[in-house]
$ cat upload_30.cif   # mmCIF, C-alpha atoms
data_my_file
loop_
_atom_site.label_atom_id
_atom_site.label_comp_id
_atom_site.auth_asym_id
_atom_site.auth_seq_id
_atom_site.Cartn_x
_atom_site.Cartn_y
_atom_site.Cartn_z
CA MET E 1 -5.78 15.30 -14.19
CA ASN E 2 -6.43 11.87 -15.66
CA LEU E 3 -2.78 11.61 -16.74
CA MET E 4 -1.66 12.55 -13.24
CA LEU E 5 -3.87 9.82 -11.77
CA TRP E 6 -2.39 7.27 -14.17
CA ILE E 7 1.12 8.29 -13.14
CA LEU E 8 0.09 8.16 -9.50
CA ALA E 9 -1.40 4.68 -10.00
CA PHE E 10 1.85 3.40 -11.52
CA LEU E 11 3.94 4.99 -8.76
CA LEU E 12 1.75 3.60 -5.99
CA ALA E 13 1.69 0.19 -7.66
CA ALA E 14 5.49 0.16 -7.91
CA ILE E 15 5.91 1.17 -4.27
CA PHE E 16 3.40 -1.36 -2.93
CA ALA E 17 4.52 -4.19 -5.22
CA GLY E 18 8.12 -3.59 -4.18
CA ALA E 19 7.29 -3.45 -0.49
CA GLY E 20 5.12 -6.55 -0.76
CA ALA E 21 7.77 -8.48 -2.65
CA VAL E 22 10.37 -7.64 -0.01
CA LYS E 23 8.05 -8.99 2.68
CA LEU E 24 7.63 -12.22 0.73
CA VAL E 25 11.19 -12.97 -0.32
CA THR E 26 13.44 -11.78 2.52
CA THR E 27 14.14 -13.79 5.63
CA ARG E 28 12.67 -12.83 8.97
CA ASP E 29 16.09 -11.81 10.34
CA GLN E 30 16.72 -9.52 7.37
CA GLN E 31 13.29 -7.97 7.83
CA ILE E 32 13.86 -7.38 11.55
CA ASP E 33 17.21 -5.69 10.82
CA ARG E 34 15.55 -3.40 8.26
CA THR E 35 12.19 -2.85 9.96
CA PRO E 36 12.16 -3.73 13.68
CA TYR E 37 8.33 -3.82 13.90
CA VAL E 38 8.44 -7.22 12.18
CA GLU E 39 9.62 -8.68 15.48
CA ASP E 40 6.18 -7.95 16.99
CA PHE E 41 4.26 -10.10 14.47
CA PRO E 42 4.33 -13.73 13.37
CA GLN E 43 5.96 -14.29 9.99
CA ILE E 44 2.62 -15.40 8.48
CA VAL E 45 1.16 -11.96 9.26
CA ILE E 46 4.10 -10.18 7.60
CA ARG E 47 3.80 -12.43 4.54
CA GLY E 48 0.03 -11.77 4.50
CA ILE E 49 0.65 -8.03 4.48
CA GLY E 50 3.05 -8.54 1.60
CA VAL E 51 0.41 -10.44 -0.37
CA LEU E 52 -2.16 -7.70 0.33
CA GLU E 53 0.25 -5.04 -0.88
CA ILE E 54 0.94 -6.93 -4.10
CA LEU E 55 -2.76 -7.57 -4.70
CA GLY E 56 -3.46 -3.89 -4.05
CA ALA E 57 -0.79 -2.90 -6.57
CA ILE E 58 -2.33 -5.21 -9.15
CA GLY E 59 -5.77 -3.79 -8.34
CA LEU E 60 -4.57 -0.26 -9.02
CA LEU E 61 -3.55 -1.12 -12.57
CA LEU E 62 -4.99 -4.30 -14.03
CA PRO E 63 -8.70 -3.40 -14.04
CA ALA E 64 -7.93 0.05 -15.44
CA LEU E 65 -5.67 -1.30 -18.17
CA THR E 66 -8.13 -4.02 -19.22
CA GLY E 67 -11.31 -1.99 -18.74
CA VAL E 68 -12.82 -4.91 -16.78
CA ALA E 69 -14.29 -4.33 -13.30
CA THR E 70 -12.86 -0.81 -13.09
CA VAL E 71 -14.61 -0.24 -9.76
CA LEU E 72 -11.79 -2.31 -8.27
CA VAL E 73 -9.28 0.48 -8.97
CA PRO E 74 -10.56 2.95 -6.34
CA LEU E 75 -11.35 0.05 -4.01
CA ALA E 76 -7.71 -1.04 -4.24
CA GLY E 77 -6.64 2.52 -3.45
CA ALA E 78 -8.94 2.62 -0.44
CA GLY E 79 -7.71 -0.78 0.76
CA LEU E 80 -4.09 0.29 0.51
CA ALA E 81 -4.92 3.49 2.41
CA ILE E 82 -6.46 1.44 5.21
CA THR E 83 -3.39 -0.77 5.28
CA MET E 84 -1.17 2.29 5.64
CA VAL E 85 -3.31 3.74 8.42
CA PHE E 86 -2.80 0.53 10.39
CA ALA E 87 0.92 0.62 9.59
CA ALA E 88 1.15 4.15 10.98
CA LEU E 89 -0.76 3.05 14.08
CA VAL E 90 1.68 0.18 14.63
CA HIS E 91 4.64 2.57 14.46
CA THR E 92 2.91 5.01 16.80
CA GLN E 93 1.96 2.29 19.28
CA ARG E 94 5.51 0.93 19.29
CA GLY E 95 6.86 4.39 20.07
CA ASP E 96 8.95 4.44 16.89
CA GLY E 97 8.33 8.15 16.48
CA ILE E 98 6.82 10.26 13.74
CA ALA E 99 9.77 9.67 11.40
CA ALA E 100 9.00 5.95 11.25
CA ALA E 101 5.26 6.53 10.77
CA MET E 102 5.60 9.31 8.18
CA PRO E 103 6.02 7.10 5.07
CA SER E 104 2.86 5.19 6.00
CA ILE E 105 0.98 8.42 6.67
CA LEU E 106 2.03 9.93 3.33
CA LEU E 107 1.15 6.75 1.43
CA ALA E 108 -2.24 6.70 3.18
CA ILE E 109 -2.94 10.30 2.18
CA VAL E 110 -1.91 9.74 -1.43
CA SER E 111 -3.93 6.50 -1.61
CA VAL E 112 -7.02 8.25 -0.21
CA PHE E 113 -6.63 11.04 -2.75
CA PHE E 114 -6.29 8.49 -5.55
CA ALA E 115 -9.32 6.47 -4.39
CA TRP E 116 -11.43 9.61 -3.94
CA SER E 117 -10.46 10.87 -7.39
CA ARG E 118 -11.30 7.59 -9.09
CA PHE E 119 -14.55 7.15 -7.14
CA GLY E 120 -15.65 10.71 -7.77
CA PRO E 121 -14.59 13.37 -10.24
CA TYR E 122 -12.29 11.27 -12.47
CA PRO E 123 -13.74 7.75 -12.79
CA LEU E 124 -12.44 5.29 -15.34
#
$ encode --input "upload_30.cif" --output "structure tokens"
Amino acid sequence: MNLMLWILAFLLAAIFAGAGAVKLVTTRDQQIDRTPYVEDFPQIVIRGIGVLEILGAIGLLLPALTGVATVLVPLAGAGLAITMVFAALVHTQRGDGIAAAMPSILLAIVSVFFAWSRFGPYPL
């Protein structure tokens, strides 16, 4: 189970770091073309979400790899889950449909499972 959680941590970190990087480096017009919800928020908010996603990705791995402040690992998972719950709510509120909200919902579920596992039965 511990190996699975390590793999899950790396997968989640890659997904969130990638998504965060895209939010930081692409132009607003490119983001709106790809993800129309961006139009509803100021660019500073989108960039802030990108920073949070990158910090969350770092928090999933760095404390575990260094053995320093390992409590941050499940906290990062919980924080990313909360972020994804709000993302799903934005898609639902916009009327984008379940297909648009599903990636956020799945990432929230996986992040909650990861955080629960690291808080509880499989701590670092």
$ atom_distance --input "upload_30.cif" --atom1 "CA of Val68 (chain E)" --atom2 "CA of Leu106 (chain E)"
29.1 Å
$ residues_around --input "upload_30.cif" --residues "region 48-56 of chain E" --least-positions-apart "6" --cutoff "6 Å" --atoms "all atoms listed in the file" --output "MDAnalysis selection string"
chainID E and resid 16:17 20 23:24 76
$ closest_residue --input "upload_30.cif" --among "E:Ile32, E:Ala21, E:Ala64, E:Val71" --to "Asn2 (chain E)" --atoms "only C-alpha atoms"
E:Ala64
$ residues_around --input "upload_30.cif" --residues "His91 (chain E)" --least-positions-apart "4" --cutoff "10 Å" --atoms "all atoms listed in the file" --output "PyMOL selection string"
chain E and resi 36-37+86-87+95-102+104
$ closest_residue --input "upload_30.cif" --among "E:Ile105, E:Met4, E:Val90, E:Ala115" --to "Pro74 (chain E)" --atoms "only C-alpha atoms"
E:Ala115
$ atom_distance --input "upload_30.cif" --atom1 "CA of Arg47 (chain E)" --atom2 "CA of Leu8 (chain E)"
25.2 Å
$ closest_residue --input "upload_30.cif" --among "E:Ile46, E:Leu3, E:Ala57, E:Ile109" --to "Gly18 (chain E)" --atoms "all atoms listed in the file"
E:Ala57
$ atom_distance --input "upload_30.cif" --atom1 "CA of Leu60 (chain E)" --atom2 "CA of Leu80 (chain E)"
9.6 Å
$ closest_residue --input "upload_30.cif" --among "E:Ala88, E:Leu65, E:Ala78, E:Phe119" --to "Pro103 (chain E)" --atoms "all atoms listed in the file"
E:Ala88
$ closest_residue --input "upload_30.cif" --among "E:Met1, E:Ala9, E:Met84, E:Val38" --to "Gly59 (chain E)" --atoms "all atoms listed in the file"
E:Ala9
$ closest_residue --input "upload_30.cif" --among "E:Leu11, E:Arg28, E:Asp33, E:Ala19" --to "Phe114 (chain E)" --atoms "all atoms listed in the file"
E:Leu11
$ resolve_selection --input "upload_30.cif" --expression "the PyMOL selection byres ((chain E and resi 118) around 10)" --output "PyMOL selection string"
chain E and resi 2+5+70-75+77+112-117+119-124
